[in-house]
>>> print(open('work_2.txt').read())   # compact mmCIF, C-alpha atoms
# COMPACT_ATOMS: atom_id res chain seq x y z
CA MET G 18 7.63 -7.62 12.86
CA PRO G 19 3.90 -6.89 12.90
CA VAL G 20 1.93 -9.55 14.72
CA LEU G 21 -1.68 -10.65 14.81
CA THR G 22 -2.69 -10.91 18.44
CA GLU G 23 -5.83 -12.18 20.10
CA ILE G 24 -6.93 -9.89 22.93
CA PRO G 25 -9.10 -11.84 25.37
CA GLY G 26 -12.22 -9.89 26.24
CA ALA G 27 -11.08 -6.88 24.29
CA THR G 28 -13.51 -4.12 23.51
CA VAL G 29 -13.17 -1.21 21.15
CA GLU G 30 -10.44 0.93 22.59
CA PRO G 31 -11.09 4.66 22.66
CA ALA G 32 -8.50 6.10 20.32
CA ALA G 33 -6.07 8.40 22.06
CA GLU G 34 -5.87 11.85 20.57
CA SER G 35 -3.05 11.75 18.10
CA LEU G 36 -0.56 14.42 17.20
CA PHE G 37 -2.26 14.32 13.83
CA GLU G 38 -5.67 15.10 15.24
CA SER G 39 -4.52 17.72 17.69
CA ALA G 40 -2.75 19.40 14.80
CA MET G 41 -6.07 19.76 13.03
CA SER G 42 -7.19 22.18 15.70
CA GLN G 43 -3.97 23.64 16.97
CA ARG G 44 -0.33 23.74 16.07
CA VAL G 45 1.98 21.19 17.62
CA ASP G 46 4.92 22.95 19.22
CA LEU G 47 7.99 20.77 19.41
CA PRO G 48 11.17 21.66 21.27
CA GLN G 49 13.33 23.85 19.11
CA ALA G 50 17.03 23.56 18.39
CA PRO G 51 19.51 26.34 19.14
CA GLY G 52 19.67 29.15 16.58
CA PRO G 53 21.51 29.08 13.27
CA ASP G 54 25.29 28.75 12.94
CA ALA G 55 27.41 31.56 11.48
CA GLU G 56 27.32 30.25 7.91
CA SER G 57 23.55 29.86 8.00
CA ARG G 58 23.11 33.36 9.42
CA ALA G 59 25.27 34.69 6.61
CA TRP G 60 22.99 33.05 4.04
CA VAL G 61 19.91 34.63 5.58
CA VAL G 62 21.49 38.09 5.80
CA ALA G 63 22.72 37.93 2.19
CA LEU G 64 19.33 36.82 0.86
CA ARG G 65 17.27 39.51 2.56
CA ASP G 66 15.63 42.24 0.49
CA GLY G 67 18.08 45.08 -0.03
CA ALA G 68 21.18 43.12 0.93
CA PRO G 69 24.16 44.36 -1.14
CA ASP G 70 25.22 40.84 -2.16
CA ARG G 71 21.71 39.46 -2.64
CA GLU G 72 22.07 38.81 -6.34
CA ASP G 73 25.24 36.78 -5.84
CA ALA G 74 23.73 34.90 -2.88
CA THR G 75 20.62 34.12 -4.92
CA ARG G 76 22.74 32.74 -7.73
CA ARG G 77 24.76 30.58 -5.34
CA LEU G 78 21.58 29.31 -3.72
CA HIS G 79 20.09 28.45 -7.10
CA ASP G 80 23.21 26.42 -7.90
CA LEU G 81 22.76 24.45 -4.68
CA LEU G 82 19.08 23.88 -5.37
CA LEU G 83 19.78 22.73 -8.90
CA ARG G 84 22.32 20.25 -7.57
CA ALA G 85 19.73 18.94 -5.09
CA ALA G 86 17.04 18.70 -7.77
CA ARG G 87 19.39 16.76 -10.08
CA PHE G 88 20.30 14.46 -7.20
CA GLU G 89 16.63 13.68 -6.63
CA ILE G 90 15.85 13.20 -10.30
CA ASN G 91 18.88 11.00 -10.89
CA ARG G 92 17.94 8.67 -8.08
CA ARG G 93 14.49 8.24 -9.64
CA ARG G 94 15.70 7.68 -13.20
CA ALA G 95 15.83 3.92 -12.90
CA SER G 96 12.16 3.69 -11.97
CA HIS G 97 11.10 6.09 -14.73
CA PRO G 98 13.00 4.96 -17.84
CA HIS G 99 10.61 6.80 -20.17
CA LEU G 100 11.92 10.15 -18.89
CA ARG G 101 14.67 11.42 -21.17
CA GLY G 102 17.74 13.51 -20.49
CA GLY G 103 16.38 16.83 -21.80
CA ASP G 104 13.12 16.35 -19.92
CA LEU G 105 14.99 15.58 -16.75
CA ASP G 106 17.17 18.65 -16.95
CA ASP G 107 14.09 20.80 -17.61
CA LEU G 108 12.44 19.26 -14.57
CA ALA G 109 15.52 19.94 -12.46
CA ASN G 110 15.64 23.59 -13.52
CA GLN G 111 11.92 24.09 -12.93
CA ALA G 112 12.25 22.48 -9.50
CA ALA G 113 15.23 24.68 -8.59
CA ASN G 114 13.44 27.82 -9.77
CA ASP G 115 10.28 27.09 -7.78
CA ALA G 116 12.26 26.03 -4.73
CA LEU G 117 14.20 29.31 -4.87
CA LEU G 118 10.97 31.31 -4.96
CA ALA G 119 9.54 29.32 -2.05
CA ILE G 120 12.69 29.81 0.02
CA LEU G 121 12.84 33.55 -0.57
CA ARG G 122 9.16 33.79 0.32
CA LYS G 123 9.65 31.79 3.53
CA LEU G 124 13.06 33.14 4.51
CA SER G 125 11.69 34.81 7.63
CA THR G 126 10.40 31.44 8.88
CA TYR G 127 13.87 29.86 8.94
CA ARG G 128 14.68 29.37 12.62
CA GLY G 129 18.05 27.70 12.39
CA ASP G 130 16.82 24.26 13.51
CA SER G 131 19.25 22.87 10.93
CA ARG G 132 21.94 24.28 8.68
CA PHE G 133 20.49 26.69 6.13
CA THR G 134 21.54 24.47 3.24
CA THR G 135 19.76 21.43 4.73
CA TRP G 136 16.64 23.55 5.20
CA ALA G 137 16.90 24.79 1.61
CA TYR G 138 17.57 21.35 0.11
CA LYS G 139 14.25 19.99 1.30
CA PHE G 140 12.41 22.52 -0.87
CA ALA G 141 14.34 21.49 -3.98
CA LEU G 142 13.95 17.78 -3.28
CA LEU G 143 10.22 18.17 -2.77
CA GLU G 144 9.76 20.19 -5.94
CA ALA G 145 11.80 17.69 -7.96
CA ALA G 146 10.08 14.64 -6.53
CA VAL G 147 6.62 16.04 -7.14
CA ARG G 148 7.52 16.87 -10.73
CA VAL G 149 8.92 13.43 -11.46
CA ARG G 150 5.88 11.74 -9.94
CA ARG G 151 3.49 13.96 -11.90
CA ARG G 152 5.38 13.36 -15.14
CA ALA G 153 5.47 9.61 -14.56
CA TRP G 154 1.68 9.49 -14.12
CA GLN G 155 0.81 12.06 -16.77
CA GLY G 156 -2.07 10.82 -18.94
CA LYS G 157 -2.40 7.58 -16.98
CA GLU G 158 -5.58 6.41 -15.36
CA LEU G 159 -5.18 6.11 -11.60
CA PRO G 160 -6.00 2.62 -10.28
CA ILE G 161 -8.46 2.83 -7.39
CA GLU G 162 -9.40 -0.84 -7.38
CA PRO G 163 -7.17 -3.11 -5.31
CA ALA G 164 -4.76 -4.95 -7.58
CA HIS G 165 -3.86 -7.32 -4.73
CA TRP G 166 -7.37 -8.45 -3.79
CA SER G 167 -7.08 -11.74 -5.63
CA VAL G 168 -3.89 -12.75 -3.87
CA MET G 169 -5.11 -11.30 -0.60
CA ALA G 170 -8.10 -13.64 -0.70
CA ASP G 171 -5.83 -16.70 -0.85
CA GLY G 172 -3.55 -18.01 1.85
CA GLY G 173 -5.60 -20.64 3.60
CA ASP G 174 -2.95 -23.23 2.88
CA SER G 175 -0.11 -21.07 4.14
CA PRO G 176 1.66 -22.25 7.25
CA GLY G 177 1.76 -20.49 10.60
CA GLN G 178 2.19 -16.76 10.62
CA ALA G 179 1.51 -16.42 6.89
CA ALA G 180 -1.90 -18.06 7.35
CA GLU G 181 -2.68 -15.70 10.22
CA ASP G 182 -1.62 -12.72 8.13
CA ALA G 183 -3.76 -13.92 5.21
CA GLU G 184 -6.72 -14.27 7.55
CA LEU G 185 -6.10 -10.79 8.89
CA LEU G 186 -5.98 -9.38 5.36
CA GLU G 187 -9.30 -11.02 4.56
CA PHE G 188 -10.74 -9.36 7.66
CA ILE G 189 -9.30 -5.99 6.62
CA LYS G 190 -10.69 -6.42 3.12
CA ASP G 191 -14.19 -6.94 4.52
CA ALA G 192 -13.76 -4.01 6.90
CA MET G 193 -12.72 -1.75 4.04
CA ARG G 194 -15.99 -2.57 2.32
CA THR G 195 -18.23 -2.20 5.38
CA GLU G 196 -16.50 0.46 7.51
CA LEU G 197 -15.01 2.96 5.07
CA SER G 198 -16.69 5.54 2.89
CA ALA G 199 -16.21 5.16 -0.86
CA HIS G 200 -13.79 8.11 -0.81
CA GLN G 201 -11.75 6.69 2.07
CA ARG G 202 -11.59 3.30 0.35
CA GLU G 203 -10.50 4.72 -2.99
CA VAL G 204 -7.80 6.92 -1.49
CA LEU G 205 -6.43 4.19 0.77
CA VAL G 206 -6.39 1.63 -2.03
CA ALA G 207 -4.78 4.00 -4.52
CA VAL G 208 -2.00 5.17 -2.23
CA ALA G 209 -1.38 2.24 0.14
CA LEU G 210 -1.99 -0.67 -2.22
CA ASN G 211 -1.52 0.58 -5.76
CA ASP G 212 1.43 2.93 -5.20
CA VAL G 213 -0.27 5.98 -6.66
CA PRO G 214 1.77 8.96 -5.38
CA ILE G 215 -0.30 10.96 -2.93
CA ASP G 216 0.50 14.29 -4.58
CA VAL G 217 -0.55 12.94 -7.99
CA LEU G 218 -3.85 11.79 -6.52
CA ALA G 219 -4.25 15.15 -4.79
CA ASP G 220 -3.85 16.91 -8.14
CA ARG G 221 -6.49 14.73 -9.78
CA LEU G 222 -8.94 15.21 -6.92
CA ASP G 223 -8.19 18.94 -6.68
CA THR G 224 -7.14 18.74 -3.06
CA THR G 225 -3.90 18.75 -1.08
CA ARG G 226 -1.45 16.06 -0.02
CA GLY G 227 -2.15 16.87 3.62
CA ALA G 228 -5.91 16.58 3.19
CA LEU G 229 -5.57 13.22 1.47
CA TYR G 230 -3.25 11.88 4.14
CA LYS G 231 -5.84 12.92 6.73
CA THR G 232 -8.35 10.79 4.79
CA ILE G 233 -5.93 7.84 4.91
CA HIS G 234 -5.25 8.42 8.60
CA ASP G 235 -8.98 8.41 9.41
CA ALA G 236 -9.54 5.28 7.30
CA ARG G 237 -6.73 3.43 9.08
CA LYS G 238 -8.11 4.46 12.43
CA LYS G 239 -11.52 3.03 11.52
CA LEU G 240 -9.93 -0.23 10.37
CA ARG G 241 -7.91 -0.57 13.57
CA SER G 242 -10.99 0.12 15.69
CA HIS G 243 -12.84 -2.57 13.76
CA LEU G 244 -9.98 -4.99 14.41
CA ALA G 245 -10.06 -4.16 18.11
CA ALA G 246 -13.83 -4.76 18.21
CA ALA G 247 -13.13 -8.24 16.87
CA SER G 248 -10.40 -8.77 19.49
CA LEU G 249 -7.69 -8.55 16.86
CA ARG G 250 -4.67 -6.35 16.89
CA PHE G 251 -1.96 -5.60 14.37
CA GLU G 252 1.23 -4.20 15.83
CA THR G 253 3.67 -2.36 13.66
CA GLU G 254 7.20 -1.93 14.84
CA LEU G 255 8.74 1.11 13.27
CA GLU G 256 12.39 0.31 13.77
CA GLY G 257 13.81 -2.11 11.24
CA SER G 258 10.68 -2.14 9.10
CA GLY G 259 11.04 -2.52 5.37
CA ASP G 260 9.83 1.01 4.83
CA ARG G 261 12.51 2.61 6.90
CA PRO G 262 16.15 2.66 6.02
CA MET R 25 -5.28 -18.36 -7.60
CA SER R 26 -1.70 -17.43 -6.88
CA GLU R 27 -0.23 -17.28 -3.43
CA ILE R 28 2.10 -14.60 -2.17
CA PRO R 29 4.78 -15.09 0.45
CA GLY R 30 3.83 -14.57 4.06
CA HIS R 31 5.96 -11.48 4.48
CA ASP R 32 3.99 -9.85 1.65
CA TYR R 33 0.69 -10.44 3.45
CA ASN R 34 2.30 -8.79 6.41
CA HIS R 35 3.59 -5.94 4.29
CA LEU R 36 0.16 -5.32 2.76
CA ALA R 37 -1.47 -5.28 6.19
CA LYS R 38 1.11 -2.79 7.38
CA ARG R 39 0.47 -0.52 4.42
CA LEU R 40 -3.27 -0.65 4.92
CA LEU R 41 -3.29 -0.18 8.69
CA GLY R 42 -0.43 2.30 8.96
CA PRO R 43 1.65 2.98 12.05
CA GLY R 44 -1.21 2.89 14.55
CA GLU R 45 0.29 5.50 16.83
CA PRO R 46 0.32 9.29 17.02
CA GLU R 47 1.98 10.88 14.05
CA LEU R 48 2.70 14.26 12.54
CA THR R 49 0.83 15.63 9.56
CA CYS R 50 2.51 15.93 6.15
CA GLU R 51 2.90 19.68 6.71
CA GLU R 52 4.54 19.20 10.11
CA CYS R 53 6.74 16.48 8.67
CA PHE R 54 8.05 18.86 6.02
CA GLU R 55 8.57 21.60 8.59
CA HIS R 56 10.73 19.43 10.85
CA LEU R 57 12.36 17.16 8.27
CA ASP R 58 15.64 19.09 8.02
CA ARG R 59 16.20 19.04 11.78
CA TYR R 60 15.22 15.37 12.00
CA VAL R 61 17.73 14.40 9.32
CA GLU R 62 20.57 16.34 10.92
CA LEU R 63 19.83 14.78 14.30
CA GLU R 64 19.84 11.33 12.70
CA LEU R 65 23.10 11.93 10.88
CA SER R 66 24.78 13.27 14.00
CA GLY R 67 23.81 10.13 15.91
CA GLN R 68 21.34 11.85 18.21
CA ASP R 69 17.90 10.55 19.15
CA ALA R 70 15.85 12.18 16.42
CA ASP R 71 12.71 10.28 17.37
CA ALA R 72 12.82 11.56 20.93
CA ALA R 73 13.40 15.12 19.74
CA ILE R 74 10.58 15.01 17.20
CA PRO R 75 7.89 12.62 18.37
CA GLY R 76 5.47 11.47 15.71
CA MET R 77 7.95 11.81 12.86
CA ALA R 78 8.95 8.12 12.60
CA PRO R 79 5.34 6.87 12.49
CA HIS R 80 4.52 9.40 9.80
CA LEU R 81 7.51 8.41 7.69
CA MET R 82 6.34 4.81 7.93
CA GLY R 83 2.72 5.66 7.11
CA CYS R 84 3.18 8.21 4.32
CA PRO R 85 5.09 6.83 1.31
CA ALA R 86 5.74 10.27 -0.20
CA CYS R 87 7.13 11.77 3.01
CA GLY R 88 9.16 8.59 3.52
CA GLU R 89 10.74 9.13 0.11
CA ASP R 90 11.41 12.78 0.87
CA HIS R 91 13.12 11.78 4.09
CA ARG R 92 15.39 9.24 2.43
CA SER R 93 16.32 11.73 -0.28
CA LEU R 94 17.25 14.51 2.14
CA ARG R 95 19.20 12.16 4.38
CA ASP R 96 21.12 10.72 1.43
CA LEU R 97 21.85 14.12 -0.09
CA VAL R 98 23.10 15.64 3.16
CA SER R 99 25.16 12.58 4.03
CA SER R 100 26.77 12.67 0.57
CA GLU R 101 28.28 16.10 1.24
>>> encode(input="work_2.txt", output="C-alpha cells")
Amino acid sequence: MPVLTEIPGATVEPAAESLFESAMSQRVDLPQAPGPDAESRAWVVALRDGAPDREDATRRLHDLLLRAARFEINRRRASHPHLRGGDLDDLANQAANDALLAILRKLSTYRGDSRFTTWAYKFALLEAAVRVRRRAWQGKELPIEPAHWSVMADGGDSPGQAAEDAELLEFIKDAMRTELSAHQREVLVAVALNDVPIDVLADRLDTTRGALYKTIHDARKKLRSHLAAASLRFETELEGSGDRP
Amino acid sequence: MSEIPGHDYNHLAKRLLGPGEPELTCEECFEHLDRYVELELSGQDADAAIPGMAPHLMGCPACGEDHRSLRDLVSSE
C-alpha cells in the first residue's frame, strides 16, 4: 500500500536516470530469449515474400487476428454499450486488417522471444483497443479539468491514513498548479484523473502515445521531486496494487 | 462537500504520482509485451527478465489494459 512518509532532514533527491530517460537517447537492450520454436519458424517462412504457401498462411493469420480483435472488443462491450453489433464487427475486421499489414511489414523484426502467435496477437489487440477507445470518445469533448478536485480538497475529518492521504493530495494539487506547465497539467489530469485514453488524447493533440506518456512521466517526476523537497514521500508498491491483476 | 473513502485518496495519489521508479517507454513495452506475458504465464520471473515493465504497466493505463488483454487471450487458448 502506498504510504506517506516523513523524511527527517530530507533534501531534494537527484533523480536516478530511468530506463525511460535513457531510452530517449539510446535503445535499451534487454536480455533476449532463445530463438523461435518450430511452429513459429514455420509461420515466418510461410509468410515471407515469394513463399509458395504465403496466401494460405496470410489467410490463416488473418483468422487468428480477427479472433483476437473480437476477443478484445467483446471484453470492452460492457463499458461501451452504445457500440452496436455491426459496428463492432466492422471494428474487428478493420483491426485485423491493419494488424495483418503491420505484421507483414515487421516480419523481419520477429526474434522468437515468444511464440509467433503471441507476438502477432498483440498487434490485433492494440489495433482493436485503439479503435474502440477512439469510437467511444468520438465527438466528445475531452475533460482536462480535474473532476476530483472538489473531493480531493476535503478529508480533514478523515481518520488516520485517510487524513494523511487527503493532506498529501492537497499538496499534490498545489504542486500541479505551481510546478507543472499548462501542457503537463492538462495531459496528466486528462489521462491520470479523468480516464481519457492516452491514444485518444494523442490523436486530438496530433502527437503520439509515447510522446504523451513522456510528458506524464516528466510531470510525475517534478511532483515527486517537489514532495521530496517538502520531506514527503509517496511509495507505490507494484505487486498487489489495484491496477495490476 | 462530499468525502471519498481513504483508499480512493490513495488511489488518486498513485495515479498522479505514478510508479516512481525506472520504467520502460510505451514503445519498449509493446516490443517486449509478448515475451513478458509468456514468462508470466509459464510461472517465470517476468519482472526480473524485463526490468521496468511492471512499473510501466502500473503507470500507463493503456499499456496496462493491453497487457491484461494479451495475458487473458493467451491464457484462454
>>> closest_atom_pairs(input="work_2.txt", of="stretch 183-218 of chain G", to="stretch 145-155 of chain G", cutoff="8 Å", atoms="only C-alpha atoms", output="CSV")
residue,atom,partner,partner_atom,distance
G:Pro214,CA,G:Arg150,CA,6.7
G:Asp216,CA,G:Val147,CA,6.9
G:Val217,CA,G:Arg151,CA,5.7
>>> interface_residues(input="work_2.txt", of="chain R", to="chain G", cutoff="8 Å", atoms="all atoms listed in the file", output="ChimeraX atom specification")
/R:25-31,33-34,36-51,54,57-59,62,73-74,76,78-79,81-82,84-86,88,90,92-94,97-98
>>> atom_distance(input="work_2.txt", atom1="atom CA of G:Asn211", atom2="atom CA of R:Cys53")
23.0 Å
>>> atom_distance(input="work_2.txt", atom1="atom CA of G:Arg250", atom2="atom CA of R:Asp71")
24.1 Å
>>> atom_distance(input="work_2.txt", atom1="atom CA of G:His200", atom2="atom CA of R:His35")
22.9 Å
>>> axis_aligned_box(input="work_2.txt", around="stretch 80-86 of chain R", padding_each_side="4 Å", output="AutoDock Vina command-line options")
--center_x 5.1 --center_y 7.5 --center_z 4.8 --size_x 12.8 --size_y 13.5 --size_z 18.0
